[in-house]
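Student: mmCIF, C-alpha atoms and all ligand atoms, saved as protein-v3.cif, coming up:
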data_protein
#
loop_
_atom_site.label_atom_id
_atom_site.label_comp_id
_atom_site.auth_asym_id
_atom_site.auth_seq_id
_atom_site.Cartn_x
_atom_site.Cartn_y
_atom_site.Cartn_z
CA MET A 12 39.66 -33.69 69.64
CA ALA A 13 40.30 -30.41 67.82
CA LYS A 14 41.58 -32.33 64.86
CA GLY A 15 38.52 -34.61 64.83
CA ARG A 16 36.12 -31.61 64.84
CA TYR A 17 38.01 -30.10 61.90
CA ALA A 18 37.78 -33.35 59.91
CA ARG A 19 34.02 -33.59 60.62
CA LEU A 20 33.52 -29.96 59.58
CA HIS A 21 35.57 -30.56 56.44
CA SER A 22 33.65 -33.66 55.47
CA ARG A 23 30.30 -31.90 56.13
CA LYS A 24 31.41 -29.07 53.77
CA LEU A 25 32.45 -31.65 51.21
CA SER A 26 29.17 -33.49 51.35
CA THR A 27 27.21 -30.18 50.98
CA LEU A 28 29.27 -29.40 47.89
CA THR A 29 28.64 -32.87 46.46
CA LEU A 30 24.92 -32.48 47.12
CA VAL A 31 24.75 -29.09 45.36
CA LEU A 32 26.73 -30.37 42.41
CA SER A 33 24.64 -33.49 41.99
CA MET A 34 21.45 -31.41 42.24
CA LEU A 35 22.74 -29.13 39.48
CA PHE A 36 23.59 -32.20 37.41
CA VAL A 37 20.11 -33.67 37.86
CA LEU A 38 18.54 -30.31 37.01
CA SER A 39 20.59 -30.02 33.78
CA VAL A 40 19.64 -33.53 32.72
CA PHE A 41 16.00 -32.72 33.45
CA LEU A 42 16.13 -29.50 31.37
CA LEU A 43 17.89 -31.30 28.52
CA MET A 44 15.16 -33.94 28.54
CA LEU A 45 12.46 -31.27 28.41
CA LEU A 46 14.24 -29.56 25.50
CA ALA A 47 14.65 -32.86 23.68
CA LEU A 48 10.99 -33.69 24.13
CA GLY A 49 10.03 -30.24 22.87
CA ILE A 50 7.96 -29.49 25.98
CA PHE A 51 10.10 -26.46 26.69
CA SER A 52 11.91 -24.24 24.18
CA LEU A 53 14.48 -21.51 24.46
CA PRO A 54 13.10 -18.02 23.75
CA ILE A 55 14.48 -17.62 20.22
CA SER A 56 12.46 -16.54 17.18
CA THR A 57 11.52 -19.43 14.92
CA ASP A 58 10.70 -16.99 12.08
CA ASP A 59 13.52 -16.48 9.59
CA SER A 60 13.12 -12.68 9.72
CA PRO A 61 14.14 -10.34 12.53
CA PRO A 62 11.33 -9.33 14.92
CA ASN A 63 11.04 -5.81 13.49
CA ASP A 64 10.79 -6.95 9.88
CA LEU A 65 7.26 -6.20 8.68
CA SER A 66 7.68 -8.37 5.61
CA SER A 67 6.85 -11.49 7.61
CA PHE A 68 3.60 -9.83 8.68
CA ARG A 69 2.93 -8.92 5.08
CA ARG A 70 3.73 -12.43 3.89
CA ARG A 71 1.28 -13.92 6.34
CA ARG A 72 -1.43 -11.51 5.25
CA PHE A 73 -1.12 -12.57 1.65
CA GLU A 74 -1.16 -16.26 2.42
CA ARG A 75 -4.85 -15.91 3.25
CA ARG A 76 -6.82 -16.64 0.11
CA GLU A 77 -8.49 -13.61 -1.31
CA GLY A 78 -8.89 -12.17 -4.78
CA ILE A 79 -8.27 -14.18 -7.94
CA GLY A 80 -5.17 -15.20 -9.92
CA GLU A 81 -1.51 -15.22 -8.96
CA ARG A 82 0.25 -11.97 -8.18
CA GLY A 83 3.92 -11.30 -8.80
CA GLU A 84 6.22 -10.28 -5.95
CA GLN A 85 4.63 -7.54 -3.88
CA TRP A 86 6.84 -4.75 -2.62
CA THR A 87 6.52 -1.10 -1.71
CA GLU A 88 8.47 1.77 -3.15
CA ILE A 89 8.54 5.28 -1.68
CA LEU A 90 8.03 7.72 -4.53
CA ALA A 91 8.17 10.96 -2.54
CA TRP A 92 7.35 12.58 0.80
CA GLU A 93 6.09 15.84 -0.76
CA PRO A 94 3.55 14.64 -1.78
CA ARG A 95 3.47 11.49 0.33
CA ALA A 96 3.30 8.92 -2.46
CA PHE A 97 4.01 5.20 -2.52
CA ILE A 98 3.96 2.54 -5.22
CA TYR A 99 2.67 -0.96 -4.38
CA HIS A 100 4.02 -3.33 -6.99
CA ASN A 101 1.76 -6.20 -8.08
CA PHE A 102 -1.11 -4.97 -5.95
CA LEU A 103 -3.58 -6.65 -8.32
CA SER A 104 -3.22 -9.82 -10.37
CA LYS A 105 -3.67 -9.84 -14.14
CA GLU A 106 -7.01 -11.63 -13.66
CA GLU A 107 -8.22 -9.00 -11.16
CA CYS A 108 -7.34 -6.21 -13.60
CA GLU A 109 -9.17 -7.98 -16.43
CA TYR A 110 -12.19 -8.62 -14.21
CA LEU A 111 -12.49 -4.94 -13.19
CA ILE A 112 -12.22 -3.86 -16.84
CA SER A 113 -14.87 -6.39 -17.90
CA LEU A 114 -17.29 -5.06 -15.24
CA ALA A 115 -16.87 -1.50 -16.42
CA LYS A 116 -16.49 -1.87 -20.18
CA PRO A 117 -20.21 -2.09 -21.10
CA HIS A 118 -21.03 1.03 -19.03
CA MET A 119 -18.32 3.55 -19.90
CA LYS A 120 -19.41 7.19 -20.20
CA LYS A 121 -17.50 10.31 -21.06
CA SER A 122 -15.78 11.54 -17.87
CA THR A 123 -16.92 14.71 -16.20
CA VAL A 124 -15.49 16.90 -13.47
CA VAL A 125 -17.30 18.01 -10.33
CA ASP A 126 -18.63 21.56 -10.43
CA SER A 127 -17.37 23.24 -7.28
CA THR A 128 -20.44 25.43 -6.79
CA THR A 129 -23.27 23.02 -7.50
CA GLY A 130 -21.54 19.68 -6.89
CA GLN A 131 -23.01 18.52 -10.20
CA SER A 132 -20.95 16.70 -12.79
CA LYS A 133 -20.04 18.68 -15.87
CA ASP A 134 -18.22 18.05 -19.13
CA SER A 135 -14.70 19.27 -19.31
CA ARG A 136 -11.86 19.76 -21.70
CA VAL A 137 -9.29 19.12 -18.95
CA ARG A 138 -10.53 15.56 -18.61
CA THR A 139 -11.12 13.62 -21.80
CA SER A 140 -11.26 10.01 -20.62
CA SER A 141 -14.37 7.87 -20.16
CA GLY A 142 -15.32 6.10 -16.97
CA MET A 143 -17.86 4.61 -14.61
CA PHE A 144 -18.28 3.96 -10.87
CA LEU A 145 -18.48 0.46 -9.37
CA ARG A 146 -20.72 0.47 -6.32
CA ARG A 147 -18.74 -0.11 -3.12
CA GLY A 148 -18.81 -3.78 -2.07
CA ARG A 149 -20.78 -4.75 -5.18
CA ASP A 150 -19.31 -8.28 -5.32
CA LYS A 151 -16.77 -10.56 -3.64
CA LEU A 152 -13.79 -9.50 -5.76
CA VAL A 153 -14.52 -5.78 -5.43
CA ARG A 154 -14.81 -6.29 -1.65
CA ASP A 155 -11.47 -8.14 -1.62
CA VAL A 156 -9.79 -5.31 -3.51
CA GLU A 157 -11.41 -2.71 -1.23
CA LYS A 158 -10.20 -4.61 1.82
CA ARG A 159 -6.69 -4.74 0.36
CA ILE A 160 -6.80 -0.97 -0.19
CA ALA A 161 -7.94 -0.45 3.41
CA ASP A 162 -5.14 -2.70 4.71
CA PHE A 163 -2.50 -0.80 2.77
CA SER A 164 -3.73 2.75 3.27
CA PHE A 165 -4.79 2.22 6.92
CA ILE A 166 -8.09 3.91 6.05
CA PRO A 167 -11.28 1.89 6.69
CA ALA A 168 -13.05 0.62 3.56
CA ASP A 169 -16.23 2.54 4.40
CA HIS A 170 -14.34 5.85 4.08
CA GLY A 171 -13.94 5.14 0.36
CA GLU A 172 -16.05 6.17 -2.61
CA GLY A 173 -16.99 3.45 -5.12
CA LEU A 174 -14.12 2.43 -7.41
CA GLN A 175 -13.96 4.56 -10.51
CA ILE A 176 -12.78 2.72 -13.61
CA LEU A 177 -11.24 4.98 -16.24
CA HIS A 178 -10.31 4.43 -19.86
CA TYR A 179 -7.93 6.76 -21.70
CA GLU A 180 -7.58 6.26 -25.43
CA LEU A 181 -5.05 7.80 -27.78
CA GLY A 182 -4.44 11.43 -26.84
CA GLN A 183 -6.78 11.35 -23.84
CA LYS A 184 -5.56 12.87 -20.57
CA TYR A 185 -6.52 14.53 -17.31
CA ASP A 186 -4.83 17.87 -16.70
CA PRO A 187 -3.17 18.41 -13.29
CA HIS A 188 -5.71 18.91 -10.49
CA PHE A 189 -6.19 18.28 -6.78
CA ASP A 190 -8.32 15.46 -5.42
CA TYR A 191 -9.31 17.55 -2.39
CA PHE A 192 -12.21 19.99 -2.55
CA LEU A 193 -12.17 23.69 -1.84
CA ASP A 194 -15.94 23.96 -1.37
CA GLU A 195 -18.45 22.95 1.28
CA PHE A 196 -20.82 21.03 -0.96
CA ASN A 197 -18.46 18.21 -1.88
CA THR A 198 -17.24 17.62 1.66
CA LYS A 199 -20.72 17.07 3.15
CA ASN A 200 -20.44 13.32 2.71
CA GLY A 201 -17.36 11.98 4.50
CA GLY A 202 -15.56 15.29 4.88
CA GLN A 203 -12.43 16.10 2.90
CA ARG A 204 -10.74 13.57 0.60
CA ILE A 205 -7.62 12.48 2.45
CA ALA A 206 -5.90 10.05 0.07
CA THR A 207 -6.21 8.32 -3.28
CA VAL A 208 -5.25 4.85 -4.48
CA LEU A 209 -4.80 4.70 -8.22
CA MET A 210 -4.47 1.24 -9.73
CA TYR A 211 -3.16 0.60 -13.22
CA LEU A 212 -5.28 -2.06 -14.92
CA SER A 213 -3.22 -2.09 -18.13
CA ASP A 214 0.28 -1.36 -19.36
CA VAL A 215 0.57 1.66 -21.64
CA GLU A 216 3.08 1.45 -24.47
CA GLU A 217 3.84 5.16 -24.38
CA GLY A 218 2.48 8.12 -22.41
CA GLY A 219 -0.38 7.87 -19.89
CA GLU A 220 1.93 8.48 -16.94
CA THR A 221 0.68 9.89 -13.63
CA VAL A 222 2.54 13.16 -13.17
CA PHE A 223 3.04 15.26 -10.01
CA PRO A 224 4.25 18.63 -11.34
CA ALA A 225 4.47 20.21 -7.87
CA ALA A 226 6.40 17.39 -6.18
CA ASN A 227 9.36 18.48 -4.11
CA LYS A 228 11.88 16.00 -5.48
CA ASN A 229 14.40 15.73 -8.28
CA PHE A 230 12.08 14.71 -11.18
CA SER A 231 14.88 12.96 -13.09
CA SER A 232 15.94 10.77 -10.16
CA VAL A 233 13.39 8.05 -11.01
CA PRO A 234 14.91 4.93 -12.65
CA TRP A 235 12.35 5.04 -15.50
CA TRP A 236 13.18 8.66 -16.46
CA ASP A 237 14.40 7.76 -19.97
CA GLU A 238 11.12 6.01 -20.81
CA LEU A 239 8.91 9.00 -19.90
CA SER A 240 6.96 11.18 -22.34
CA GLU A 241 7.59 14.93 -22.59
CA CYS A 242 4.48 15.63 -20.48
CA ALA A 243 5.69 13.23 -17.78
CA LYS A 244 9.07 14.96 -17.61
CA GLU A 245 7.28 18.12 -16.39
CA GLY A 246 7.01 16.52 -12.96
CA LEU A 247 7.67 13.49 -10.80
CA SER A 248 6.07 10.67 -12.76
CA VAL A 249 4.94 7.08 -12.47
CA LYS A 250 4.79 4.86 -15.53
CA PRO A 251 1.61 2.76 -15.64
CA LYS A 252 2.26 -0.95 -15.13
CA ARG A 253 -0.59 -3.41 -14.98
CA GLY A 254 -1.31 -4.47 -11.39
CA ASP A 255 0.67 -1.69 -9.71
CA ALA A 256 -1.05 0.74 -7.36
CA LEU A 257 -0.10 4.28 -6.45
CA LEU A 258 -1.15 5.61 -3.05
CA PHE A 259 -0.85 9.35 -2.50
CA TRP A 260 -2.13 11.66 0.20
CA SER A 261 -4.00 14.90 -0.40
CA MET A 262 -3.53 15.86 3.24
CA ARG A 263 -0.40 16.12 5.32
CA PRO A 264 -0.07 14.32 8.67
CA ASP A 265 -1.14 17.55 10.39
CA ALA A 266 -4.45 17.42 8.42
CA SER A 267 -3.66 20.47 6.28
CA LEU A 268 -4.26 20.24 2.52
CA ASP A 269 -1.11 19.34 0.58
CA PRO A 270 -0.74 21.36 -2.66
CA SER A 271 2.19 19.15 -3.70
CA SER A 272 -0.43 16.44 -4.36
CA LEU A 273 -1.29 18.22 -7.64
CA HIS A 274 -1.38 15.45 -10.26
CA GLY A 275 -2.53 14.64 -13.75
CA SER A 276 -2.66 11.90 -16.34
CA CYS A 277 -0.44 12.53 -19.36
CA PRO A 278 -1.89 11.97 -22.85
CA VAL A 279 -1.69 8.40 -24.12
CA ILE A 280 0.73 8.33 -27.07
CA ARG A 281 0.66 4.62 -27.95
CA GLY A 282 -1.73 1.94 -26.72
CA ASN A 283 -4.50 2.76 -24.25
CA LYS A 284 -4.82 3.06 -20.52
CA TRP A 285 -7.22 1.51 -18.01
CA SER A 286 -7.09 2.54 -14.38
CA ALA A 287 -9.15 2.23 -11.21
CA THR A 288 -9.30 5.03 -8.64
CA LYS A 289 -10.33 4.83 -4.99
CA TRP A 290 -10.88 8.18 -3.29
CA MET A 291 -10.88 8.06 0.48
CA HIS A 292 -12.32 10.57 2.93
CA VAL A 293 -11.43 11.56 6.47
CA GLU A 294 -14.77 10.23 7.72
CA GLU A 295 -17.19 7.50 6.68
CA TYR A 296 -18.48 8.04 3.15
CA LYS A 297 -22.13 7.02 2.83
CA VAL A 298 -23.13 5.22 -0.36
C1 LIG A 301 18.77 14.73 -10.27
O1 LIG A 301 18.94 13.33 -10.42
C2 LIG A 301 19.75 13.00 -11.55
C3 LIG A 301 19.72 11.48 -11.68
O2 LIG A 301 19.93 10.84 -10.44
C4 LIG A 301 21.14 13.57 -11.35
O3 LIG A 301 21.94 13.26 -12.48
C5 LIG A 301 21.05 15.08 -11.21
O4 LIG A 301 22.28 15.62 -10.94
C6 LIG A 301 20.08 15.43 -10.08
N1 LIG A 301 19.87 16.88 -10.08
C7 LIG A 301 19.96 17.61 -9.00
C8 LIG A 301 19.69 19.06 -9.13
O5 LIG A 301 20.27 17.14 -7.91
#
Please rewrite the model in this file as structure tokens.
Ligand SMILES: *[C@@H]1O[C@H](CO)[C@@H](O)[C@H](O)[C@H]1NC(C)=O
Tutor:
Amino acid sequence: MAKGRYARLHSRKLSTLTLVLSMLFVLSVFLLMLLALGIFSLPISTDDSPPNDLSSFRRRRFERREGIGERGEQWTEILAWEPRAFIYHNFLSKEECEYLISLAKPHMKKSTVVDSTTGQSKDSRVRTSSGMFLRRGRDKLVRDVEKRIADFSFIPADHGEGLQILHYELGQKYDPHFDYFLDEFNTKNGGQRIATVLMYLSDVEEGGETVFPAANKNFSSVPWWDELSECAKEGLSVKPKRGDALLFWSMRPDASLDPSSLHGSCPVIRGNKWSATKWMHVEEYKV
């Protein structure tokens, strides 16, 4: 009697175990079928880059058709933190550079500087280039470029002034200056200038570098040091390369003005230089 009860208990335990095991087996087969049919997938990334890699985000952005022509590989280089300055390689295609030059070429005028008391433009010996403004959003390509600038600088396109196209011929330059204003007049529209994107529309054989003489960084640490002109060696410099863009901030993250953003354009020694400048303000800039 006691023995019989034990055997029954034992067999009941055994059958429970068999039931659990066969249920697990059926469940595994079911899951494998779902996986095979692709109805269910394991939570792994299908992207070839790790989740924190922004380059996949960037790649996707550029796959959307905008602008004209093919651009070389786009990558970002940190130039300095004082001033905060970054180089975007191949920001514009060759065709985009040529298009911007062709828009401006028939309308170039001798460059002026802004008078800090009246806000009027005036002739100057510190700035000897010629230039013209392209109205903001004037056509599809200009809008595409302005959108690209907004995407990269994280400043809305309507905070920007119209693109200024500049031409520097042999010996022409722009002495070091700040892009921010120290007067009330020039900050009425849009408030202070916060950052600048400077795009090189041409290569320059020699000279024409953008120089930051007040940068807090070893000037000779740049890889292109040996190719720089004497003027460019007086500061932290960027050699113009067609399609590249330089973003630098006139204000620090705490909103104070950054004097290390002092910058100039060295005299062109050989060839000539075309550039496009986008000045951006802390608030909407009305055009
Ligand atoms: C500046 O950088 C150059 C090139 O990397 C190096 O040879 C030189 O020693 C550096 N100077 C200082 C003061 O760190």
Student: May I ask you to write as a PyMOL selection string all residues lying at most 10 Å from ligand LIG 301 (chain A), with only C-alpha atoms and all ligand atoms counted?
Tutor: chain A and resi 228-234+236
Student: Quick one: of A:Gly148, A:Gly282, A:Pro94, A:Pro187, who's nearest to A:Glu172, counting all atoms listed in the file?
Tutor: A:Gly148
Student: Write out as an mmCIF file with C-alpha atoms, in the coordinates of the input which residues come within 9 Å of stretch 155-168 of chain A when counting all atoms listed in the file, dropping same-chain ones fewer than 4 positions away.
Tutor:
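Result saved to selection-v8.cif:
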data_model
loop_
_atom_site.group_PDB
_atom_site.id
_atom_site.type_symbol
_atom_site.label_atom_id
_atom_site.label_comp_id
_atom_site.auth_asym_id
_atom_site.auth_seq_id
_atom_site.Cartn_x
_atom_site.Cartn_y
_atom_site.Cartn_z
ATOM 1 C CA GLU A 77 -8.490 -13.610 -1.310
ATOM 2 C CA GLY A 78 -8.890 -12.170 -4.780
ATOM 3 C CA TYR A 99 2.670 -0.960 -4.380
ATOM 4 C CA PHE A 102 -1.110 -4.970 -5.950
ATOM 5 C CA LEU A 103 -3.580 -6.650 -8.320
ATOM 6 C CA GLU A 107 -8.220 -9.000 -11.160
ATOM 7 C CA ARG A 147 -18.740 -0.110 -3.120
ATOM 8 C CA GLY A 148 -18.810 -3.780 -2.070
ATOM 9 C CA ASP A 150 -19.310 -8.280 -5.320
ATOM 10 C CA LYS A 151 -16.770 -10.560 -3.640
ATOM 11 C CA GLU A 172 -16.050 6.170 -2.610
ATOM 12 C CA LEU A 174 -14.120 2.430 -7.410
ATOM 13 C CA ALA A 206 -5.900 10.050 0.070
ATOM 14 C CA THR A 207 -6.210 8.320 -3.280
ATOM 15 C CA VAL A 208 -5.250 4.850 -4.480
ATOM 16 C CA LEU A 258 -1.150 5.610 -3.050
ATOM 17 C CA LYS A 289 -10.330 4.830 -4.990
ATOM 18 C CA MET A 291 -10.880 8.060 0.480
ATOM 19 C CA HIS A 292 -12.320 10.570 2.930
ATOM 20 C CA VAL A 293 -11.430 11.560 6.470
ATOM 21 C CA GLU A 295 -17.190 7.500 6.680
#
Student: List as a PyMOL selection string the residues having at least one atom at most 7 Å from position (5.1, 4.0, 0.1) as given in the file, counting only C-alpha atoms.
Tutor: chain A and resi 87-90+96-98
Student: So how far away is atom CA of A:Val279 from atom CA of A:Glu180, in Å?
Tutor: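 One can read the atom CA of A:Glu180 to atom CA of A:Val279 distance as 6.4 Å.
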Student: Considering only C-alpha atoms, state which residue in the set A:Pro117, A:Gly80, A:Gly201, A:Gly142 is at the smallest distance from A:Glu294.
Tutor: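 Among the listed residues, A:Gly201 lies closest to A:Glu294.
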Student: Quick one: residues within 7 Å of A:Gly275, all atoms listed in the file counted, chain neighbours fewer than 2 positions away excluded, as a PyMOL selection string?
Tutor: chain A and resi 185-188+221-223+277
Student: So the first atom is atom CA of A:Ala225 and the second is atom CA of A:Ser272; what is the distance between them in Å, to one decimal place?
Tutor: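 Separating atom CA of A:Ala225 from atom CA of A:Ser272 is a distance of 7.1 Å.
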Student: To one decimal place in Å, what is the distance between atom CA of A:Gly219 and atom CA of A:Trp290?
Tutor: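 Computing the Euclidean distance for atom CA of A:Gly219 and atom CA of A:Trp290 yields 19.6 Å.
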Student: Please provide as a list in words all residues within 7 Å of A:Leu209, with the sequence filter that same-chain residues fewer than 3 positions apart are discarded (counting all atoms listed in the file).
Tutor: Ala256, Leu257, Leu258, Ser286, Ala287, Thr288 and Lys289 of chain A
Student: For those residues, write C-alpha atoms to a file as a CSV table (one decimal), in the coordinates of the input.
Tutor:
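What ended up in selection20.csv:
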chain,number,residue,atom,x,y,z
A,256,ALA,CA,-1.0,0.7,-7.4
A,257,LEU,CA,-0.1,4.3,-6.4
A,258,LEU,CA,-1.2,5.6,-3.0
A,286,SER,CA,-7.1,2.5,-14.4
A,287,ALA,CA,-9.2,2.2,-11.2
A,288,THR,CA,-9.3,5.0,-8.6
A,289,LYS,CA,-10.3,4.8,-5.0
Student: Please list as a list in words every residue within 6 Å of stretch 248-253 of chain A, counting all atoms listed in the file and excluding residues in the same chain fewer than 3 positions away.
Tutor: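 Here the answer would be Tyr211, Leu212, Ser213, Asp214, Glu220, Thr221, Val222 and Ala243 of chain A.
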Student: Go ahead and dump the residues you just picked, C-alpha atoms, as a PDB file, in the frame of the given file.
Tutor:
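Done, and the output landed in selection.pdb:
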ATOM      1  CA  TYR A 211      -3.160   0.600 -13.220  1.00  0.00           C
ATOM      2  CA  LEU A 212      -5.280  -2.060 -14.920  1.00  0.00           C
ATOM      3  CA  SER A 213      -3.220  -2.090 -18.130  1.00  0.00           C
ATOM      4  CA  ASP A 214       0.280  -1.360 -19.360  1.00  0.00           C
ATOM      5  CA  GLU A 220       1.930   8.480 -16.940  1.00  0.00           C
ATOM      6  CA  THR A 221       0.680   9.890 -13.630  1.00  0.00           C
ATOM      7  CA  VAL A 222       2.540  13.160 -13.170  1.00  0.00           C
ATOM      8  CA  ALA A 243       5.690  13.230 -17.780  1.00  0.00           C
TER       9      ALA A 243
END
Student: I need the residue nearest A:His118 from this list: A:Leu38, A:Met44, A:Leu193, A:Ile176. Use all atoms listed in the file for the distance.
Tutor: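 So, comparing all the options, the nearest one is A:Ile176.
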Student: Tell me which of A:Asp265, A:Glu241, A:Asp194, A:Glu84 sits closest to A:Pro278, counting only C-alpha atoms.
Tutor: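 Looking at the shortest contact to A:Pro278, the residue is A:Glu241.
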Student: Nearest to A:Asp126 among A:Ser261, A:Asn197, A:Lys244, A:Gly254, with distances taken over only C-alpha atoms: which residue is it?
Tutor: A:Asn197
